[in-house]
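Raw start31.pdb, PDB, C-alpha atoms:
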ATOM      1  CA  MET A 100     -68.701 118.457  48.371
ATOM      2  CA  LYS A 101     -66.040 115.784  48.732
ATOM      3  CA  GLU A 102     -63.172 118.132  47.821
ATOM      4  CA  LEU A 103     -63.500 119.894  51.207
ATOM      5  CA  LYS A 104     -62.555 116.843  53.266
ATOM      6  CA  GLY A 105     -59.287 117.430  55.127
ATOM      7  CA  LYS A 106     -58.843 121.005  53.876
ATOM      8  CA  LYS A 107     -57.744 123.685  56.344
ATOM      9  CA  ILE A 108     -59.733 126.885  56.018
ATOM     10  CA  VAL A 109     -59.489 130.141  57.962
ATOM     11  CA  ILE A 110     -62.683 132.202  58.057
ATOM     12  CA  ASP A 111     -62.247 135.831  59.038
ATOM     13  CA  PRO A 112     -65.496 137.496  60.171
ATOM     14  CA  GLY A 113     -64.896 141.130  59.224
ATOM     15  CA  HIS A 114     -64.770 143.940  61.785
ATOM     16  CA  GLY A 115     -65.809 143.445  65.440
ATOM     17  CA  GLY A 116     -65.653 145.084  68.834
ATOM     18  CA  ILE A 117     -65.373 148.869  68.638
ATOM     19  CA  HIS A 118     -65.137 148.659  64.826
ATOM     20  CA  PRO A 119     -68.675 147.808  63.641
ATOM     21  CA  GLY A 120     -68.032 148.144  59.915
ATOM     22  CA  LYS A 121     -71.035 149.262  57.865
ATOM     23  CA  THR A 122     -74.267 150.019  59.734
ATOM     24  CA  TYR A 123     -77.854 150.482  58.608
ATOM     25  CA  GLU A 124     -80.928 150.982  60.813
ATOM     26  CA  GLY A 125     -79.398 149.065  63.711
ATOM     27  CA  ARG A 126     -77.874 146.284  61.566
ATOM     28  CA  GLN A 127     -74.100 146.140  61.999
ATOM     29  CA  GLU A 128     -71.682 144.473  59.619
ATOM     30  CA  LYS A 129     -69.681 142.958  62.484
ATOM     31  CA  ASP A 130     -72.750 141.009  63.655
ATOM     32  CA  VAL A 131     -73.752 139.798  60.190
ATOM     33  CA  THR A 132     -70.217 138.663  59.360
ATOM     34  CA  LEU A 133     -69.874 136.715  62.610
ATOM     35  CA  LYS A 134     -73.238 134.993  62.152
ATOM     36  CA  MET A 135     -72.439 134.129  58.519
ATOM     37  CA  SER A 136     -68.967 132.877  59.455
ATOM     38  CA  LYS A 137     -70.340 130.534  62.117
ATOM     39  CA  ILE A 138     -72.913 129.147  59.664
ATOM     40  CA  LEU A 139     -70.159 128.623  57.074
ATOM     41  CA  GLU A 140     -67.889 127.024  59.677
ATOM     42  CA  GLU A 141     -70.584 124.495  60.622
ATOM     43  CA  LEU A 142     -71.286 123.665  56.973
ATOM     44  CA  LEU A 143     -67.600 123.201  56.069
ATOM     45  CA  GLU A 144     -66.878 121.088  59.149
ATOM     46  CA  ALA A 145     -69.840 118.845  58.262
ATOM     47  CA  GLU A 146     -68.053 118.238  54.941
ATOM     48  CA  GLY A 147     -64.825 117.247  56.707
ATOM     49  CA  ALA A 148     -62.854 120.496  56.559
ATOM     50  CA  LYS A 149     -60.806 121.805  59.496
ATOM     51  CA  VAL A 150     -62.022 125.364  60.081
ATOM     52  CA  TYR A 151     -60.503 128.175  62.130
ATOM     53  CA  LEU A 152     -62.321 131.444  62.896
ATOM     54  CA  THR A 153     -60.238 134.563  63.545
ATOM     55  CA  ARG A 154     -62.885 135.644  66.052
ATOM     56  CA  THR A 155     -65.790 133.789  67.650
ATOM     57  CA  ARG A 156     -67.398 136.693  69.506
ATOM     58  CA  ASP A 157     -67.817 140.457  69.188
ATOM     59  CA  GLU A 158     -64.224 141.571  69.647
ATOM     60  CA  ASP A 159     -61.665 143.615  67.768
ATOM     61  CA  PHE A 160     -57.912 143.166  67.452
ATOM     62  CA  GLY A 161     -56.914 146.225  69.497
ATOM     63  CA  GLY A 162     -56.561 148.736  66.684
ATOM     64  CA  THR A 163     -57.062 152.437  67.362
ATOM     65  CA  ASP A 164     -59.093 152.795  64.137
ATOM     66  CA  ALA A 165     -60.419 150.419  61.478
ATOM     67  CA  ASP A 166     -57.214 150.472  59.381
ATOM     68  CA  ASP A 167     -54.990 149.858  62.416
ATOM     69  CA  ASP A 168     -57.304 147.050  63.509
ATOM     70  CA  ILE A 169     -56.999 145.381  60.098
ATOM     71  CA  MET A 170     -53.201 145.469  60.337
ATOM     72  CA  LYS A 171     -53.345 143.969  63.850
ATOM     73  CA  ARG A 172     -55.727 141.315  62.473
ATOM     74  CA  VAL A 173     -53.223 140.518  59.702
ATOM     75  CA  LYS A 174     -50.397 140.149  62.261
ATOM     76  CA  TYR A 175     -52.613 137.885  64.393
ATOM     77  CA  ILE A 176     -53.471 135.684  61.394
ATOM     78  CA  ASN A 177     -49.853 135.434  60.245
ATOM     79  CA  LYS A 178     -48.658 134.476  63.738
ATOM     80  CA  LYS A 179     -51.559 132.218  64.813
ATOM     81  CA  TYR A 180     -51.748 130.115  61.632
ATOM     82  CA  LYS A 181     -48.088 130.071  60.560
ATOM     83  CA  GLY A 182     -46.963 126.525  59.779
ATOM     84  CA  LYS A 183     -50.467 125.050  60.059
ATOM     85  CA  GLY A 184     -50.750 124.300  56.346
ATOM     86  CA  ILE A 185     -53.748 126.572  55.745
ATOM     87  CA  ASP A 186     -55.225 125.973  52.300
ATOM     88  CA  VAL A 187     -57.591 128.944  52.074
ATOM     89  CA  LEU A 188     -58.441 132.169  53.880
ATOM     90  CA  VAL A 189     -61.832 133.793  53.323
ATOM     91  CA  SER A 190     -62.732 137.122  54.903
ATOM     92  CA  ILE A 191     -66.483 137.744  55.180
ATOM     93  CA  HIS A 192     -67.858 141.278  54.749
ATOM     94  CA  VAL A 193     -70.974 143.290  53.913
ATOM     95  CA  ASN A 194     -70.703 146.385  51.734
ATOM     96  CA  THR A 195     -72.444 149.770  52.105
ATOM     97  CA  GLU A 196     -75.877 150.426  50.638
ATOM     98  CA  ARG A 197     -74.498 152.714  47.934
ATOM     99  CA  ALA A 198     -75.409 151.541  44.458
ATOM    100  CA  PHE A 199     -71.846 151.553  43.080
ATOM    101  CA  ASN A 200     -70.418 149.224  45.736
ATOM    102  CA  ARG A 201     -69.490 145.753  44.578
ATOM    103  CA  ILE A 202     -70.879 142.463  45.868
ATOM    104  CA  GLY A 203     -68.914 139.289  45.170
ATOM    105  CA  ALA A 204     -65.475 137.797  45.762
ATOM    106  CA  PHE A 205     -62.217 139.771  45.694
ATOM    107  CA  TYR A 206     -58.641 138.616  45.077
ATOM    108  CA  GLN A 207     -55.206 140.222  45.171
ATOM    109  CA  GLU A 208     -53.608 141.358  41.916
ATOM    110  CA  GLY A 209     -51.205 138.769  40.509
ATOM    111  CA  ALA A 210     -52.384 135.971  42.805
ATOM    112  CA  LYS A 211     -53.357 133.200  40.398
ATOM    113  CA  ALA A 212     -54.712 130.721  42.975
ATOM    114  CA  SER A 213     -56.659 133.472  44.749
ATOM    115  CA  LYS A 214     -58.154 134.596  41.434
ATOM    116  CA  THR A 215     -59.354 131.034  40.752
ATOM    117  CA  LEU A 216     -60.765 130.812  44.288
ATOM    118  CA  ALA A 217     -62.603 134.149  43.992
ATOM    119  CA  LYS A 218     -64.018 133.273  40.573
ATOM    120  CA  ASN A 219     -65.341 129.928  41.811
ATOM    121  CA  ILE A 220     -66.974 131.530  44.839
ATOM    122  CA  ALA A 221     -68.448 134.381  42.786
ATOM    123  CA  VAL A 222     -69.896 132.042  40.143
ATOM    124  CA  ASN A 223     -71.622 129.953  42.810
ATOM    125  CA  MET A 224     -73.006 133.116  44.429
ATOM    126  CA  GLY A 225     -74.244 134.424  41.074
ATOM    127  CA  LYS A 226     -71.969 137.453  41.514
ATOM    128  CA  ASN A 227     -68.733 138.781  40.012
ATOM    129  CA  SER A 228     -65.120 138.481  41.092
ATOM    130  CA  PHE A 229     -62.931 141.567  41.404
ATOM    131  CA  GLU A 230     -59.233 142.278  41.570
ATOM    132  CA  ASP A 231     -58.429 144.677  44.415
ATOM    133  CA  ASP A 232     -55.589 145.705  46.697
ATOM    134  CA  LEU A 233     -56.883 144.920  50.201
ATOM    135  CA  ALA A 234     -54.652 144.536  53.262
ATOM    136  CA  ILE A 235     -56.218 141.256  54.398
ATOM    137  CA  LEU A 236     -55.378 139.737  50.990
ATOM    138  CA  ARG A 237     -52.082 141.522  50.374
ATOM    139  CA  GLU A 238     -50.483 141.149  53.802
ATOM    140  CA  THR A 239     -51.558 137.713  55.059
ATOM    141  CA  THR A 240     -48.992 135.004  54.368
ATOM    142  CA  VAL A 241     -50.465 131.759  55.714
ATOM    143  CA  ALA A 242     -52.863 130.544  53.009
ATOM    144  CA  GLY A 243     -52.416 129.148  49.531
ATOM    145  CA  ALA A 244     -55.364 131.191  48.270
ATOM    146  CA  LYS A 245     -57.326 134.093  49.747
ATOM    147  CA  SER A 246     -60.575 135.908  49.018
ATOM    148  CA  LEU A 247     -62.546 138.692  50.640
ATOM    149  CA  ILE A 248     -66.253 138.108  50.092
ATOM    150  CA  GLU A 249     -68.790 140.930  50.149
ATOM    151  CA  ILE A 250     -71.966 138.888  50.636
ATOM    152  CA  ALA A 251     -74.486 141.739  50.244
ATOM    153  CA  GLN A 252     -75.157 145.408  50.917
ATOM    154  CA  ILE A 253     -75.906 146.318  54.531
ATOM    155  CA  ASP A 254     -79.446 147.560  53.755
ATOM    156  CA  GLU A 255     -80.596 144.186  52.390
ATOM    157  CA  GLU A 256     -83.245 142.810  54.756
ATOM    158  CA  TRP A 257     -82.435 139.169  54.009
ATOM    159  CA  LEU A 258     -79.276 139.576  56.108
ATOM    160  CA  ASP A 259     -81.534 139.066  59.150
ATOM    161  CA  ASP A 260     -82.852 135.738  57.788
ATOM    162  CA  SER A 261     -80.825 132.715  58.988
ATOM    163  CA  ASP A 262     -82.156 130.524  56.164
ATOM    164  CA  ARG A 263     -80.964 132.979  53.512
ATOM    165  CA  LEU A 264     -77.579 133.217  55.236
ATOM    166  CA  LYS A 265     -77.376 129.410  55.107
ATOM    167  CA  ASP A 266     -78.128 129.502  51.377
ATOM    168  CA  VAL A 267     -75.267 131.951  50.780
ATOM    169  CA  ALA A 268     -72.966 129.877  53.004
ATOM    170  CA  LYS A 269     -73.767 126.854  50.799
ATOM    171  CA  GLU A 270     -72.887 128.878  47.704
ATOM    172  CA  ILE A 271     -69.547 129.877  49.255
ATOM    173  CA  ALA A 272     -68.884 126.262  50.273
ATOM    174  CA  MET A 273     -69.625 125.072  46.733
ATOM    175  CA  GLY A 274     -67.201 127.691  45.425
ATOM    176  CA  LEU A 275     -64.526 126.420  47.807
ATOM    177  CA  ASN A 276     -65.223 122.854  46.699
ATOM    178  CA  ASP A 277     -64.933 123.864  43.028
ATOM    179  CA  TYR A 278     -61.638 125.645  43.754
ATOM    180  CA  PHE A 279     -60.164 122.536  45.402
ATOM    181  CA  HIS A 280     -61.419 120.469  42.450
ATOM    182  CA  ASP A 281     -59.645 122.814  40.021
ATOM    183  CA  LEU A 282     -56.519 122.686  42.174
ATOM    184  CA  ARG A 283     -56.501 118.870  42.236
ATOM    185  CA  LEU A 284     -56.870 118.781  38.450
ATOM    186  CA  GLY A 285     -53.968 121.219  37.978
ATOM    187  CA  ARG A 286     -56.120 124.056  36.660
ATOM    188  CA  VAL A 287     -54.678 126.574  39.132
TER     189      VAL A 287
END
As structure tokens, what does this structure read like?
Amino acid sequence: MKELKGKKIVIDPGHGGIHPGKTYEGRQEKDVTLKMSKILEELLEAEGAKVYLTRTRDEDFGGTDADDDIMKRVKYINKKYKGKGIDVLVSIHVNTERAFNRIGAFYQEGAKASKTLAKNIAVNMGKNSFEDDLAILRETTVAGAKSLIEIAQIDEEWLDDSDRLKDVAKEIAMGLNDYFHDLRLGRV
């Protein structure tokens, strides 16, 4: 995955602190996203990328509810990483167990680079990419391309298996590598 060398990537583990995200039989989204993000961070750094995590422990951003916390997270990201030359932002999430909820990579409407990023990640995960209007994608201003990734539904037992999480992290990393390849070749 030579395209990752020297790239600056922000990984945002979704939720945290008093905002657990989706829950199912004791499994909390905030815990899964943090574990997955740390696995992804280690994998990307081994390939030569510079990786920043928006949180490294179970903490929130001080919001009074989940929506307020997301907006405080956006402000934190925009301030903390401004001027650092961030190439990509990926926000890691787990969706509810409801059958209609989508798993895959999301991008903001009209964001060509983000659409290419999301498609590359989704293809490597064997999932779909989706256009959506999400605050973390719409309001952050520090990255050239951004994607929110729903890695699974919260009731999927494999989320407790570190080896399976590593496999999904590899798929995401390959998608990032493919995106940077497309970018270098002028396909974005």
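For the set A:Arg126, A:Lys106, A:Lys174, A:Arg156, the residue with the smallest atom-to-atom gap to Val187 of chain A is A:Lys106, counting only C-alpha atoms.
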So what do you get for atom CA of Val267 of chain A versus atom CA of Gly113 of chain A, distance-wise? 16.2 Å
Pick the closest to Met100 of chain A from A:Gly147, A:Lys171, A:Val131, A:Leu247: which is it, counting all atoms listed in the file?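 Ranking A:Gly147, A:Lys171, A:Val131, A:Leu247 by distance to Met100 of chain A, first place goes to A:Gly147.
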Neighbours of segment 229-239 of chain A within 7 Å (all atoms listed in the file; same-chain residues fewer than 3 positions away dropped), as a PyMOL selection string? chain A and resi 173+176-177+204-208+245-246
Once you have the residues from the selection above, write them out as a tab-separated table (two decimals), keeping the file's coordinate frame, restricted to C-alpha atoms.
chain	number	residue	atom	x	y	z
A	173	VAL	CA	-53.22	140.52	59.70
A	176	ILE	CA	-53.47	135.68	61.39
A	177	ASN	CA	-49.85	135.43	60.24
A	204	ALA	CA	-65.47	137.80	45.76
A	205	PHE	CA	-62.22	139.77	45.69
A	206	TYR	CA	-58.64	138.62	45.08
A	207	GLN	CA	-55.21	140.22	45.17
A	208	GLU	CA	-53.61	141.36	41.92
A	245	LYS	CA	-57.33	134.09	49.75
A	246	SER	CA	-60.58	135.91	49.02
Find the distance between atom CA of Ile271 of chain A and atom CA of Leu258 of chain A and write it in Å to one decimal. 15.4 Å
Report as a short mmCIF file (atom, residue, chain, number, x, y, z; two decimals) with C-alpha atoms, in the coordinates of the input the residues that result from applying the PyMOL selection byres ((chain A and resi 269) around 10) to the structure here.
data_model
loop_
_atom_site.label_atom_id
_atom_site.label_comp_id
_atom_site.auth_asym_id
_atom_site.auth_seq_id
_atom_site.Cartn_x
_atom_site.Cartn_y
_atom_site.Cartn_z
CA ILE A 138 -72.91 129.15 59.66
CA LEU A 139 -70.16 128.62 57.07
CA LEU A 142 -71.29 123.66 56.97
CA LEU A 143 -67.60 123.20 56.07
CA ASN A 223 -71.62 129.95 42.81
CA MET A 224 -73.01 133.12 44.43
CA ARG A 263 -80.96 132.98 53.51
CA LEU A 264 -77.58 133.22 55.24
CA LYS A 265 -77.38 129.41 55.11
CA ASP A 266 -78.13 129.50 51.38
CA VAL A 267 -75.27 131.95 50.78
CA ALA A 268 -72.97 129.88 53.00
CA GLU A 270 -72.89 128.88 47.70
CA ILE A 271 -69.55 129.88 49.26
CA ALA A 272 -68.88 126.26 50.27
CA MET A 273 -69.62 125.07 46.73
CA GLY A 274 -67.20 127.69 45.42
CA LEU A 275 -64.53 126.42 47.81
#
Using only C-alpha atoms, which residue out of A:Asp111, A:Asp277, A:Glu158, A:Asp166 lies closest to Met135 of chain A? A:Asp111
Which residue of A:His114, A:His280, A:Lys137, A:Lys181 approaches Asp168 of chain A most closely, using all atoms listed in the file: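 The answer is A:His114, which sits nearest to Asp168 of chain A.
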Coordinates-based distance that separates atom CA of Gly203 of chain A from atom CA of Lys218 of chain A (Å, one decimal): 9.0 Å
For the point (-54.6, 131.2, 54.3) in file coordinates, what residues are within 7 Å, counting only C-alpha atoms? Give the answer as a VMD selection string? chain A and resid 108 to 109 185 to 188 240 to 245
Would you compute, for all listed atoms of segment 198-207 of chain A, the axis-aligned bounding box grown by 8 Å on each side, and then report its centre and edge lengths in Å rounded to one decimal, as lines of an AutoDock Vina configuration file?
center_x = -65.3
center_y = 144.7
center_z = 44.5
size_x = 36.2
size_y = 29.8
size_z = 18.8
Given the point (-78.4, 147.4, 61.3) in the coordinates of this file, which residues lie within 12 Å, counting all atoms listed in the file, and how would they look as a ChimeraX atom specification? /A:119-131,193,195-196,252-259
Restricting to all atoms listed in the file, whichever of A:Lys101, A:Thr155, A:Gly285, A:Ile202 is closest to Val222 of chain A is A:Ile202
Looking at all atoms listed in the file, which of A:Lys183, A:Lys107, A:Leu284, A:Ala251 is the one that sits closest to Glu144 of chain A?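 Ranking A:Lys183, A:Lys107, A:Leu284, A:Ala251 by distance to Glu144 of chain A, first place goes to A:Lys107.
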